[in-house]
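J.: Contents of coords20.cif (mmCIF, C-alpha atoms and all ligand atoms) are given next:
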```cif
data_data
loop_
_atom_site.label_atom_id
_atom_site.label_comp_id
_atom_site.auth_asym_id
_atom_site.auth_seq_id
_atom_site.Cartn_x
_atom_site.Cartn_y
_atom_site.Cartn_z
CA MET A 234 -11.76 -53.50 -37.57
CA LYS A 235 -11.05 -57.15 -36.86
CA ILE A 236 -13.65 -59.09 -34.86
CA ILE A 237 -13.27 -62.50 -33.29
CA VAL A 238 -16.62 -64.29 -33.42
CA THR A 239 -16.70 -67.44 -31.29
CA GLY A 240 -19.41 -70.03 -31.98
CA GLY A 241 -19.69 -68.75 -35.56
CA ALA A 242 -20.60 -72.17 -36.95
CA GLY A 243 -23.75 -72.25 -34.84
CA PHE A 244 -27.14 -70.64 -35.35
CA ILE A 245 -26.84 -67.02 -34.20
CA GLY A 246 -23.06 -66.80 -34.62
CA SER A 247 -23.25 -67.73 -38.31
CA ASN A 248 -26.06 -65.27 -38.92
CA PHE A 249 -23.89 -62.62 -37.21
CA VAL A 250 -20.88 -63.51 -39.41
CA TYR A 251 -22.94 -62.98 -42.58
CA TYR A 252 -24.61 -59.87 -41.18
CA MET A 253 -21.28 -58.21 -40.33
CA LEU A 254 -19.48 -59.20 -43.56
CA ASP A 255 -22.37 -57.72 -45.49
CA LYS A 256 -22.96 -54.59 -43.40
CA HIS A 257 -19.31 -53.58 -42.91
CA PRO A 258 -17.36 -54.17 -46.15
CA ASP A 259 -14.06 -53.22 -44.47
CA TYR A 260 -14.33 -55.49 -41.42
CA ARG A 261 -12.47 -58.76 -41.01
CA ILE A 262 -14.02 -61.70 -39.14
CA VAL A 263 -11.98 -64.32 -37.33
CA CYS A 264 -14.27 -67.21 -36.43
CA ILE A 265 -13.40 -69.63 -33.63
CA ASP A 266 -15.54 -72.74 -33.23
CA CYS A 267 -14.68 -76.27 -32.08
CA LEU A 268 -17.60 -77.74 -34.07
CA THR A 269 -19.64 -79.54 -31.45
CA TYR A 270 -22.78 -81.36 -32.60
CA ALA A 271 -24.30 -77.86 -33.01
CA GLY A 272 -21.58 -76.42 -35.23
CA ASN A 273 -21.79 -77.05 -38.93
CA MET A 274 -19.19 -76.05 -41.49
CA SER A 275 -21.68 -76.24 -44.34
CA THR A 276 -23.33 -73.23 -42.69
CA LEU A 277 -20.12 -71.24 -43.21
CA ALA A 278 -19.44 -72.46 -46.78
CA LYS A 279 -20.16 -69.05 -48.34
CA ALA A 280 -18.14 -67.17 -45.70
CA MET A 281 -15.14 -69.45 -46.33
CA GLU A 282 -14.96 -68.03 -49.87
CA ASN A 283 -14.66 -64.48 -48.51
CA PRO A 284 -11.07 -63.17 -48.16
CA ARG A 285 -12.18 -61.13 -45.12
CA PHE A 286 -13.11 -64.31 -43.23
CA VAL A 287 -10.86 -66.83 -41.50
CA PHE A 288 -11.85 -69.91 -39.49
CA TYR A 289 -10.10 -71.67 -36.59
CA LYS A 290 -11.35 -75.02 -35.33
CA THR A 291 -10.47 -74.44 -31.68
CA ASN A 292 -12.18 -74.97 -28.34
CA ILE A 293 -12.58 -71.76 -26.32
CA CYS A 294 -11.47 -73.74 -23.24
CA ASP A 295 -8.10 -74.46 -24.93
CA ARG A 296 -6.02 -71.68 -23.35
CA ALA A 297 -2.87 -72.20 -25.43
CA GLY A 298 -4.86 -72.47 -28.65
CA ILE A 299 -6.89 -69.33 -27.93
CA PHE A 300 -3.84 -67.31 -26.88
CA ALA A 301 -2.05 -68.36 -30.08
CA ILE A 302 -4.95 -67.08 -32.18
CA PHE A 303 -4.93 -63.73 -30.35
CA GLU A 304 -1.15 -63.49 -30.77
CA LYS A 305 -1.49 -64.03 -34.50
CA GLU A 306 -4.65 -62.09 -35.28
CA HIS A 307 -4.60 -59.07 -32.92
CA PRO A 308 -8.39 -58.64 -32.85
CA ASP A 309 -10.01 -55.31 -31.92
CA VAL A 310 -13.24 -56.84 -30.64
CA VAL A 311 -14.43 -60.25 -29.40
CA VAL A 312 -18.06 -61.34 -29.56
CA ASN A 313 -18.62 -64.56 -27.61
CA PHE A 314 -21.47 -66.69 -28.97
CA ALA A 315 -19.76 -70.03 -28.28
CA ALA A 316 -21.83 -71.99 -25.81
CA GLU A 317 -23.70 -75.14 -25.10
CA SER A 318 -27.14 -73.72 -25.73
CA HIS A 319 -29.86 -76.34 -25.33
CA VAL A 320 -31.72 -76.46 -22.00
CA ASP A 321 -32.78 -80.12 -22.39
CA ARG A 322 -29.18 -81.23 -22.96
CA SER A 323 -28.10 -79.24 -19.88
CA ILE A 324 -30.57 -81.23 -17.79
CA GLU A 325 -29.01 -84.47 -19.07
CA THR A 326 -25.31 -83.48 -18.94
CA PRO A 327 -24.62 -80.21 -17.06
CA GLU A 328 -20.83 -80.49 -16.89
CA VAL A 329 -19.94 -79.45 -20.43
CA PHE A 330 -22.21 -76.42 -19.97
CA LEU A 331 -20.14 -75.26 -17.02
CA GLN A 332 -16.90 -75.92 -18.89
CA THR A 333 -17.71 -74.12 -22.12
CA ASN A 334 -20.08 -71.44 -20.91
CA ILE A 335 -18.16 -70.37 -17.80
CA LEU A 336 -14.54 -71.50 -18.09
CA GLY A 337 -14.41 -70.92 -21.86
CA THR A 338 -15.58 -67.35 -21.28
CA GLN A 339 -12.83 -66.91 -18.70
CA VAL A 340 -10.15 -68.11 -21.13
CA LEU A 341 -11.35 -65.63 -23.76
CA MET A 342 -11.33 -62.75 -21.27
CA ASP A 343 -7.84 -63.70 -20.04
CA ALA A 344 -6.65 -63.56 -23.66
CA CYS A 345 -8.34 -60.14 -24.02
CA ARG A 346 -6.51 -58.92 -20.91
CA LYS A 347 -3.16 -60.16 -22.14
CA TYR A 348 -3.36 -58.92 -25.73
CA GLY A 349 -5.55 -55.84 -25.24
CA ILE A 350 -8.99 -55.34 -26.71
CA ALA A 351 -11.40 -52.48 -27.43
CA ARG A 352 -14.45 -54.54 -26.41
CA PHE A 353 -15.35 -58.02 -25.17
CA HIS A 354 -19.04 -58.64 -25.81
CA GLN A 355 -20.78 -61.51 -24.06
CA VAL A 356 -23.88 -62.88 -25.79
CA SER A 357 -26.14 -63.86 -22.93
CA THR A 358 -29.79 -64.76 -22.57
CA ASP A 359 -33.00 -63.60 -20.92
CA GLU A 360 -33.07 -67.04 -19.23
CA VAL A 361 -30.69 -65.69 -16.56
CA TYR A 362 -33.71 -63.87 -15.07
CA GLY A 363 -35.62 -67.12 -14.50
CA ASP A 364 -39.27 -66.93 -15.44
CA LEU A 365 -42.40 -64.81 -15.03
CA PRO A 366 -45.86 -66.05 -13.99
CA LEU A 367 -48.38 -66.74 -16.76
CA ASP A 368 -51.09 -64.66 -15.07
CA ARG A 369 -49.07 -61.41 -14.80
CA PRO A 370 -48.81 -60.07 -18.37
CA ASP A 371 -47.85 -56.70 -16.89
CA LEU A 372 -44.43 -58.04 -15.74
CA PHE A 373 -41.30 -57.94 -17.94
CA PHE A 374 -37.57 -58.58 -17.48
CA THR A 375 -35.57 -55.36 -17.20
CA GLU A 376 -31.80 -55.15 -16.79
CA ARG A 377 -32.46 -54.69 -13.06
CA THR A 378 -34.48 -57.89 -12.65
CA PRO A 379 -32.57 -60.15 -10.22
CA ILE A 380 -30.76 -63.14 -11.66
CA CYS A 381 -32.65 -66.29 -10.62
CA THR A 382 -31.90 -69.30 -12.80
CA SER A 383 -33.85 -72.53 -13.36
CA SER A 384 -31.72 -74.83 -15.56
CA PRO A 385 -28.05 -75.79 -15.61
CA TYR A 386 -27.91 -73.93 -18.95
CA SER A 387 -29.24 -70.66 -17.55
CA ALA A 388 -27.13 -71.04 -14.39
CA SER A 389 -24.00 -71.41 -16.52
CA LYS A 390 -24.89 -68.35 -18.61
CA ALA A 391 -25.64 -66.32 -15.47
CA SER A 392 -22.31 -67.41 -13.95
CA ALA A 393 -20.51 -66.23 -17.07
CA ASP A 394 -22.33 -62.87 -16.89
CA LEU A 395 -21.17 -62.41 -13.29
CA LEU A 396 -17.61 -63.28 -14.29
CA VAL A 397 -17.73 -60.80 -17.18
CA HIS A 398 -18.86 -58.08 -14.79
CA ALA A 399 -16.12 -59.08 -12.33
CA TYR A 400 -13.46 -58.72 -15.06
CA TYR A 401 -14.85 -55.24 -15.78
CA ARG A 402 -14.71 -54.17 -12.12
CA THR A 403 -11.47 -55.90 -11.17
CA TYR A 404 -9.31 -55.58 -14.26
CA GLY A 405 -11.09 -52.77 -16.13
CA LEU A 406 -11.71 -55.04 -19.12
CA PRO A 407 -13.99 -53.15 -21.55
CA VAL A 408 -17.00 -55.48 -21.61
CA SER A 409 -20.66 -55.40 -22.55
CA ILE A 410 -23.40 -58.01 -22.16
CA SER A 411 -26.61 -58.54 -24.11
CA ARG A 412 -29.51 -60.68 -22.91
CA CYS A 413 -31.77 -61.67 -25.75
CA SER A 414 -35.06 -63.53 -25.90
CA ASN A 415 -35.65 -66.67 -28.03
CA ASN A 416 -34.34 -66.37 -31.59
CA TYR A 417 -35.64 -68.03 -34.73
CA GLY A 418 -34.53 -67.99 -38.37
CA PRO A 419 -32.17 -69.75 -40.83
CA TYR A 420 -29.50 -72.23 -39.65
CA GLN A 421 -31.11 -73.01 -36.29
CA PHE A 422 -30.29 -76.56 -35.23
CA PRO A 423 -33.38 -78.78 -35.48
CA GLU A 424 -33.48 -79.58 -31.76
CA LYS A 425 -34.98 -76.20 -30.81
CA LEU A 426 -38.74 -75.69 -30.90
CA ILE A 427 -39.35 -73.99 -34.27
CA PRO A 428 -36.96 -75.91 -36.56
CA LEU A 429 -37.76 -79.21 -34.81
CA MET A 430 -41.48 -78.71 -35.43
CA ILE A 431 -40.90 -77.71 -39.06
CA ALA A 432 -38.66 -80.73 -39.73
CA ASN A 433 -40.99 -83.17 -37.98
CA ALA A 434 -44.12 -81.78 -39.61
CA LEU A 435 -42.50 -82.08 -43.05
CA GLY A 436 -41.67 -85.72 -42.26
CA GLU A 437 -45.20 -86.37 -40.88
CA LYS A 438 -43.59 -87.22 -37.52
CA PRO A 439 -45.11 -86.53 -34.08
CA LEU A 440 -44.75 -82.96 -32.80
CA PRO A 441 -43.68 -83.32 -29.13
CA VAL A 442 -45.19 -80.50 -27.07
CA TYR A 443 -43.96 -80.35 -23.46
CA GLY A 444 -46.68 -80.27 -20.78
CA LYS A 445 -49.77 -78.46 -22.00
CA GLY A 446 -47.91 -76.21 -24.42
CA GLU A 447 -48.93 -73.14 -22.43
CA ASN A 448 -45.41 -71.89 -21.71
CA VAL A 449 -44.72 -68.52 -23.28
CA ARG A 450 -41.58 -67.43 -25.14
CA ASP A 451 -40.75 -63.99 -26.59
CA TRP A 452 -39.60 -64.59 -30.19
CA LEU A 453 -37.14 -62.44 -32.13
CA TYR A 454 -35.97 -62.87 -35.73
CA VAL A 455 -32.23 -63.63 -35.62
CA GLU A 456 -31.25 -60.72 -37.88
CA ASP A 457 -32.75 -58.27 -35.37
CA HIS A 458 -30.52 -59.80 -32.68
CA CYS A 459 -27.46 -59.37 -34.93
CA ASN A 460 -28.37 -55.75 -35.57
CA ALA A 461 -28.73 -55.12 -31.82
CA ILE A 462 -25.26 -56.56 -31.09
CA ASP A 463 -23.76 -54.45 -33.89
CA LEU A 464 -25.29 -51.33 -32.29
CA ILE A 465 -23.99 -52.29 -28.83
CA LEU A 466 -20.46 -52.83 -30.20
CA HIS A 467 -20.45 -49.38 -31.77
CA GLY A 468 -22.49 -47.28 -29.34
CA GLY A 469 -23.09 -49.32 -26.18
CA CYS A 470 -21.40 -48.34 -22.91
CA GLU A 471 -18.67 -50.41 -21.27
CA GLY A 472 -19.80 -52.40 -18.26
CA GLU A 473 -23.46 -52.26 -19.32
CA VAL A 474 -26.12 -54.92 -19.85
CA TYR A 475 -28.67 -54.55 -22.68
CA ASN A 476 -31.87 -56.58 -22.91
CA ILE A 477 -32.95 -57.45 -26.47
CA GLY A 478 -36.50 -58.48 -27.35
CA GLY A 479 -39.34 -57.41 -29.57
CA HIS A 480 -42.49 -57.82 -27.42
CA ASN A 481 -43.57 -60.89 -29.34
CA GLU A 482 -44.84 -63.34 -26.75
CA MET A 483 -46.44 -66.56 -27.91
CA ARG A 484 -47.56 -69.82 -26.32
CA ASN A 485 -45.67 -72.89 -27.59
CA ILE A 486 -48.86 -74.62 -28.65
CA ASP A 487 -49.87 -71.64 -30.80
CA ILE A 488 -46.49 -71.71 -32.58
CA VAL A 489 -46.82 -75.43 -33.27
CA LYS A 490 -50.37 -75.01 -34.59
CA LEU A 491 -49.25 -72.12 -36.78
CA ILE A 492 -46.46 -74.28 -38.28
CA CYS A 493 -49.01 -77.06 -38.98
CA ALA A 494 -51.27 -74.56 -40.72
CA LYS A 495 -48.46 -73.00 -42.79
CA LEU A 496 -47.24 -76.45 -43.93
CA ASP A 497 -50.78 -77.74 -44.44
CA LYS A 498 -50.20 -80.57 -41.94
CA SER A 499 -52.74 -82.09 -39.55
CA GLU A 500 -52.76 -80.94 -35.91
CA GLU A 501 -53.19 -84.62 -35.11
CA LEU A 502 -49.40 -84.83 -35.33
CA ILE A 503 -49.25 -82.86 -32.06
CA THR A 504 -48.26 -85.17 -29.19
CA TYR A 505 -48.27 -83.91 -25.62
CA VAL A 506 -45.23 -85.33 -23.78
CA THR A 507 -43.89 -85.17 -20.21
CA ASP A 508 -42.98 -81.65 -19.23
CA ARG A 509 -39.37 -80.42 -19.08
CA LYS A 510 -37.95 -80.48 -15.52
CA GLY A 511 -37.94 -76.98 -14.01
CA HIS A 512 -39.67 -75.66 -17.15
CA ASP A 513 -39.71 -71.85 -17.17
CA LEU A 514 -43.26 -70.57 -17.61
CA ARG A 515 -42.89 -67.26 -19.38
CA TYR A 516 -40.09 -65.06 -20.76
CA ALA A 517 -40.82 -61.45 -21.68
CA ILE A 518 -38.22 -58.76 -22.33
CA ASP A 519 -38.55 -55.04 -21.70
CA PRO A 520 -36.25 -53.58 -24.41
CA THR A 521 -36.70 -49.93 -23.35
CA LYS A 522 -33.01 -49.35 -22.58
CA ILE A 523 -31.58 -50.45 -25.94
CA HIS A 524 -34.34 -48.58 -27.74
CA ARG A 525 -33.81 -45.37 -25.77
CA GLU A 526 -30.00 -45.41 -25.73
CA LEU A 527 -29.15 -46.98 -29.10
CA GLY A 528 -32.35 -46.50 -31.13
CA TRP A 529 -32.77 -50.25 -31.65
CA LEU A 530 -36.14 -51.59 -32.73
CA PRO A 531 -36.90 -54.99 -34.28
CA GLU A 532 -37.53 -54.77 -38.02
CA THR A 533 -39.08 -58.16 -38.74
CA ARG A 534 -42.66 -58.80 -37.64
CA PHE A 535 -43.28 -62.38 -36.47
CA ALA A 536 -45.75 -63.01 -39.30
CA ASP A 537 -43.03 -62.23 -41.86
CA GLY A 538 -40.17 -63.85 -39.92
CA ILE A 539 -41.91 -67.20 -39.53
CA GLU A 540 -42.86 -67.16 -43.21
CA LYS A 541 -39.23 -66.52 -44.20
CA THR A 542 -37.99 -69.16 -41.76
CA ILE A 543 -40.34 -71.87 -43.00
CA ARG A 544 -39.44 -70.99 -46.59
CA TRP A 545 -35.73 -71.28 -45.69
CA TYR A 546 -36.18 -74.78 -44.21
CA LEU A 547 -38.18 -75.82 -47.29
CA ASP A 548 -35.43 -74.51 -49.58
CA HIS A 549 -32.57 -76.02 -47.53
CA THR A 550 -33.73 -79.56 -46.79
CA ASP A 551 -30.17 -80.85 -47.43
CA TRP A 552 -28.84 -78.69 -44.61
CA TRP A 553 -31.11 -80.06 -41.91
CA LYS A 554 -31.60 -83.57 -43.26
CA THR A 555 -27.89 -84.35 -42.95
CA ILE A 556 -28.06 -83.14 -39.38
CA VAL A 557 -31.14 -85.17 -38.59
CA SER A 558 -29.51 -88.28 -40.02
CA GLY A 559 -26.35 -87.94 -37.92
CA GLU A 560 -25.40 -87.98 -34.26
CA TYR A 561 -28.43 -85.87 -33.63
CA ARG A 562 -30.67 -88.87 -34.08
CA ASP A 563 -29.05 -90.77 -31.20
CA TYR A 564 -29.64 -87.80 -28.96
CA TYR A 565 -33.20 -87.56 -30.18
CA GLU A 566 -33.85 -91.21 -29.36
CA ARG A 567 -32.43 -90.79 -25.87
CA MET A 568 -34.44 -87.65 -25.22
CA TYR A 569 -37.83 -88.72 -26.50
CA ALA A 570 -37.89 -92.54 -26.45
CA ASN A 571 -39.51 -92.88 -23.02
CA ARG A 572 -41.34 -89.61 -22.90
P1 LIG A 601 -25.81 -73.01 -31.10
O1 LIG A 601 -25.85 -74.17 -30.16
O2 LIG A 601 -26.57 -73.07 -32.38
O3 LIG A 601 -24.28 -72.72 -31.51
C1 LIG A 601 -23.23 -72.75 -30.59
C2 LIG A 601 -21.92 -72.80 -31.37
O4 LIG A 601 -20.85 -72.76 -30.41
C3 LIG A 601 -21.72 -74.07 -32.20
O5 LIG A 601 -21.22 -73.75 -33.47
C4 LIG A 601 -20.71 -74.88 -31.39
O6 LIG A 601 -19.89 -75.71 -32.21
C5 LIG A 601 -19.91 -73.76 -30.74
N1 LIG A 601 -19.26 -74.20 -29.49
C6 LIG A 601 -19.84 -74.86 -28.45
N2 LIG A 601 -18.93 -75.11 -27.51
C7 LIG A 601 -17.76 -74.58 -27.95
C8 LIG A 601 -16.46 -74.51 -27.39
N3 LIG A 601 -16.18 -75.04 -26.21
N4 LIG A 601 -15.49 -73.90 -28.11
C9 LIG A 601 -15.74 -73.37 -29.33
N5 LIG A 601 -16.97 -73.41 -29.90
C10 LIG A 601 -17.96 -74.01 -29.21
O7 LIG A 601 -26.23 -71.76 -30.22
P2 LIG A 601 -27.03 -70.44 -30.64
O8 LIG A 601 -28.48 -70.69 -30.51
O9 LIG A 601 -26.48 -69.91 -31.91
O10 LIG A 601 -26.62 -69.48 -29.44
C11 LIG A 601 -25.47 -68.65 -29.53
C12 LIG A 601 -25.33 -67.84 -28.26
O11 LIG A 601 -26.50 -67.04 -28.06
C13 LIG A 601 -25.20 -68.70 -26.99
O12 LIG A 601 -24.25 -68.09 -26.15
C14 LIG A 601 -26.59 -68.65 -26.37
O13 LIG A 601 -26.51 -68.78 -24.98
C15 LIG A 601 -27.05 -67.27 -26.79
N6 LIG A 601 -28.52 -67.09 -26.93
C16 LIG A 601 -29.24 -67.93 -27.73
C17 LIG A 601 -30.61 -67.71 -27.91
C18 LIG A 601 -31.44 -68.57 -28.83
O14 LIG A 601 -32.66 -68.40 -28.89
N7 LIG A 601 -30.86 -69.51 -29.57
C19 LIG A 601 -31.23 -66.64 -27.25
C20 LIG A 601 -30.45 -65.81 -26.42
C21 LIG A 601 -29.09 -66.04 -26.30
P1 LIG A 602 -36.38 -74.29 -26.88
O1 LIG A 602 -36.42 -74.03 -28.33
O2 LIG A 602 -35.61 -75.46 -26.37
O3 LIG A 602 -35.86 -72.93 -26.20
P2 LIG A 602 -35.79 -72.50 -24.63
O4 LIG A 602 -36.06 -73.67 -23.79
O5 LIG A 602 -34.38 -72.04 -24.49
O6 LIG A 602 -36.81 -71.42 -24.47
O7 LIG A 602 -37.86 -74.43 -26.34
C1 LIG A 602 -38.80 -73.39 -26.52
C2 LIG A 602 -40.07 -73.80 -25.80
O8 LIG A 602 -40.63 -74.93 -26.48
C3 LIG A 602 -39.83 -74.25 -24.37
O9 LIG A 602 -40.93 -73.82 -23.56
C4 LIG A 602 -39.82 -75.77 -24.44
C5 LIG A 602 -40.76 -76.05 -25.60
N1 LIG A 602 -40.45 -77.27 -26.38
C6 LIG A 602 -41.45 -78.22 -26.61
O10 LIG A 602 -42.60 -78.08 -26.18
N2 LIG A 602 -41.14 -79.33 -27.37
C7 LIG A 602 -39.88 -79.53 -27.86
O11 LIG A 602 -39.65 -80.59 -28.51
C8 LIG A 602 -38.88 -78.53 -27.62
C9 LIG A 602 -37.48 -78.70 -28.17
C10 LIG A 602 -39.21 -77.41 -26.89
#
```
The structure in this file should be written as structure tokens.
Ligand code: NAD
Ligand code: TYD
T.:
Amino acid sequence: MKIIVTGGAGFIGSNFVYYMLDKHPDYRIVCIDCLTYAGNMSTLAKAMENPRFVFYKTNICDRAGIFAIFEKEHPDVVVNFAAESHVDRSIETPEVFLQTNILGTQVLMDACRKYGIARFHQVSTDEVYGDLPLDRPDLFFTERTPICTSSPYSASKASADLLVHAYYRTYGLPVSISRCSNNYGPYQFPEKLIPLMIANALGEKPLPVYGKGENVRDWLYVEDHCNAIDLILHGGCEGEVYNIGGHNEMRNIDIVKLICAKLDKSEELITYVTDRKGHDLRYAIDPTKIHRELGWLPETRFADGIEKTIRWYLDHTDWWKTIVSGEYRDYYERMYANR
């Protein structure tokens, strides 16, 4: 089996590359990534030594480039992780989110139609469902929850989901979609909550908590997400959506305090800053369908996952320090200077 993995130099895509190379010793992975600020070749250094792995530095919006790769590689399956993924950036500059997340997905599906494919899998997000109120812990997102987006990021991901479904209905393209909750683990870019707080705490820098820190996210260890996608590729039904989440809801402020405690840093580093515009209150996934139909259950408890993640950032300071010292810093200044 040959799988095209787009966005494989990013957080979840790279974890998926390593997961699949390890789990399926006969599979070949063709990675396509244009290396935006979020893509990092040092993340793929080990994969580059593997003869079953090949990398193309190509933008998924580049139709000729993508078609040429399909022509050469003849993939069986495409898993599309490539995206602009940070909500705060989408509030600042929505356009590139629409280009990559919607039009890039279209280019990939057009290539799938032309060259033939056993499955096109779209990696989507629970953010397409909007948010849930904080005072209704009985409510969860199911696959039937209406799409109702809050940010340019989630709107672009929801648009792509609709387009994927349209290609299934109109052209019979064999597609599937997964909508996962917040991931954490190795190789996550230090602009997202958990790695940002770890990096800042280690540097004794302020820990910027939006609003009162009461917003709730449903955290899943990245390997459990990779395992769920693997199961969907092999046993999931065409045209179906699968929610992925492990019933692990936590308030932001509790995560930040936990990181302070684990790193033995003072909570005085916590700085409450202006809230995110349109900030979703609570995400919570009902994963009944993927559990019932594919037997998926998360394997990593949050207590273990956060321990492993913090240990990984402590052991890989070179990885994130080079990021923090680069273009990322300019963005950081822009985002937090007047907050
Ligand atoms: P990320 O930002 O860490 O990585 C994205 C990768 O895509 C980068 O390597 C980047 O270089 C690449 N990329 C961006 N634009 C591209 C383009 N036009 N052409 C080719 N490559 C391009 O993102 P992530 O957190 O790993 O998320 C991966 C996918 O999972 C996204 O589709 C995201 O919407 C989805 N998702 C993420 C989470 C989460 O918690 N991080 C949760 C649910 C779903
Ligand atoms: P983030 O990691 O950006 O993921 P998402 O917005 O896709 O859920 O943010 C997770 C939560 O943490 C979200 O409620 C916003 C909050 N947050 C902060 O409070 N401070 C920060 O510096 C960041 C990046 C996020």
J.: 7 Å from ligand LIG 601 (chain A) is the threshold here; counting only C-alpha atoms and all ligand atoms, which polymer residues fall inside it? Answer as a PyMOL selection string.
T.: chain A and resi 239-246+265-273+291-294+313-319+333+337+356-359+390+412-417+421-422
J.: Quick one: which chain A residues come within 7 Å of ligand LIG 602 (chain A), and what is the nearest atom pair for each with the distance in Å to one decimal, counting all atoms listed in the file, rows ordered by chain and ascending number, as a tab-separated table?
T.:
```
residue	atom	partner	partner_atom	distance
A:His319	CA	A:LIG602	O2	5.9
A:Val320	CA	A:LIG602	O4	5.5
A:Asp321	CA	A:LIG602	O2	6.8
A:Asn415	CA	A:LIG602	O6	6.0
A:Glu424	CA	A:LIG602	C9	5.4
A:Lys425	CA	A:LIG602	O1	3.6
A:Leu426	CA	A:LIG602	O1	3.8
A:Ile427	CA	A:LIG602	O1	6.6
A:Leu429	CA	A:LIG602	C9	6.7
A:Pro441	CA	A:LIG602	O11	4.9
A:Val442	CA	A:LIG602	O10	3.7
A:Tyr443	CA	A:LIG602	O10	3.8
A:Gly446	CA	A:LIG602	O10	5.9
A:Asn448	CA	A:LIG602	O9	5.2
A:Val449	CA	A:LIG602	O9	6.5
A:Arg450	CA	A:LIG602	O6	6.3
A:Asn485	CA	A:LIG602	O8	5.5
A:His512	CA	A:LIG602	O9	6.8
A:Asp513	CA	A:LIG602	O9	6.8
```
J.: How far is it from CA of Glu360 in chain A to CA of Leu530 in chain A, in Å with one decimal?
T.: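 Taking CA of Glu360 in chain A as the start and CA of Leu530 in chain A as the end point, the length is 20.7 Å.
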J.: Rounded to one decimal, what separation in Å do you get between CA of Tyr475 in chain A and CA of Val311 in chain A?
T.: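 About the pair CA of Tyr475 in chain A and CA of Val311 in chain A: they are 16.7 Å apart.
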J.: Go through A:Glu473, A:Cys264, A:Val557, A:Leu336 and flag the residue nearest Arg377 in chain A, using all atoms listed in the file for the distances.
T.: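 Result for the nearest residue to Arg377 in chain A: A:Glu473.
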J.: Using all atoms listed in the file, find the one residue out of A:Gly559, A:Pro366, A:Pro423, A:Pro531 that sits nearest to Glu456 in chain A.
T.: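 Closest candidate: A:Pro531.
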J.: CA of Gly478 in chain A and CA of Leu453 in chain A, how far apart in Å?
T.: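 These atoms are spaced 6.2 Å apart.
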J.: Which is closer to Ile465 in chain A than all the others in A:Ile556, A:Ala399, A:Ala297, A:Val310, using all atoms listed in the file?
T.: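 Among A:Ile556, A:Ala399, A:Ala297, A:Val310, it is A:Val310 that comes nearest to Ile465 in chain A.
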J.: Nearest to Leu254 in chain A among A:Ser275, A:Val361, A:Arg285, A:Asp463, with distances taken over only C-alpha atoms: which residue is it?
T.: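 That would be A:Arg285, the residue with the smallest distance to Leu254 in chain A.
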J.: For each of A:Gly405, A:Pro258, A:Gly538, A:Gly479, take the minimum atom-to-atom distance to Gly418 in chain A, counting all atoms listed in the file, then give the residue where this is smallest.
T.: A:Gly538
J.: Would you compute, for all listed atoms of range 445-448 of chain A, the axis-aligned bounding box grown by 3 Å on each side, and then report its centre and edge lengths in Å rounded to one decimal, as JSON?
T.:
```
{"center_x": -47.6, "center_y": -75.2, "center_z": -23.1, "size_x": 10.4, "size_y": 12.6, "size_z": 8.7}
```
J.: Select, from A:Ile543, A:Leu396, A:Leu464, A:Leu372, the residue with the minimum atom-to-atom distance to Gly528 in chain A, counting only C-alpha atoms.
T.: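 Nearest candidate to Gly528 in chain A out of A:Ile543, A:Leu396, A:Leu464, A:Leu372: A:Leu464.
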J.: Write out as a ChimeraX atom specification each polymer residue whose atoms come within 7 Å of range 384-386 of chain A, counting only C-alpha atoms; drop sequence neighbours fewer than 2 positions from it.
T.: /A:318,320,323-324,327,330,382,388-390,511
J.: Taking (-2.1, -70.9, -34.8) in the file's own coordinates, collect the residues within 12 Å, counting only C-alpha atoms, and hand them back as a ChimeraX atom specification.
T.: /A:265,287-291,297-306
J.: Can you find the residues with an atom no farther than 9 Å from (-41.9, -81.1, -35.5), counting all atoms listed in the file, and report them as a list of chain:residue names?
T.: A:Pro423, A:Leu426, A:Ile427, A:Pro428, A:Leu429, A:Met430, A:Ile431, A:Ala432, A:Asn433, A:Ala434, A:Leu435, A:Gly436, A:Glu437, A:Lys438, A:Pro439, A:Leu440, A:Pro441, A:Val489, A:Ile492, A:Cys493, A:Leu502, A:Ile503
J.: Go ahead and write the selection's residues with C-alpha atoms as a CSV table (one decimal), keeping the file's coordinate frame.
T.:
```csv
chain,number,residue,atom,x,y,z
A,423,PRO,CA,-33.4,-78.8,-35.5
A,426,LEU,CA,-38.7,-75.7,-30.9
A,427,ILE,CA,-39.4,-74.0,-34.3
A,428,PRO,CA,-37.0,-75.9,-36.6
A,429,LEU,CA,-37.8,-79.2,-34.8
A,430,MET,CA,-41.5,-78.7,-35.4
A,431,ILE,CA,-40.9,-77.7,-39.1
A,432,ALA,CA,-38.7,-80.7,-39.7
A,433,ASN,CA,-41.0,-83.2,-38.0
A,434,ALA,CA,-44.1,-81.8,-39.6
A,435,LEU,CA,-42.5,-82.1,-43.0
A,436,GLY,CA,-41.7,-85.7,-42.3
A,437,GLU,CA,-45.2,-86.4,-40.9
A,438,LYS,CA,-43.6,-87.2,-37.5
A,439,PRO,CA,-45.1,-86.5,-34.1
A,440,LEU,CA,-44.8,-83.0,-32.8
A,441,PRO,CA,-43.7,-83.3,-29.1
A,489,VAL,CA,-46.8,-75.4,-33.3
A,492,ILE,CA,-46.5,-74.3,-38.3
A,493,CYS,CA,-49.0,-77.1,-39.0
A,502,LEU,CA,-49.4,-84.8,-35.3
A,503,ILE,CA,-49.2,-82.9,-32.1
```
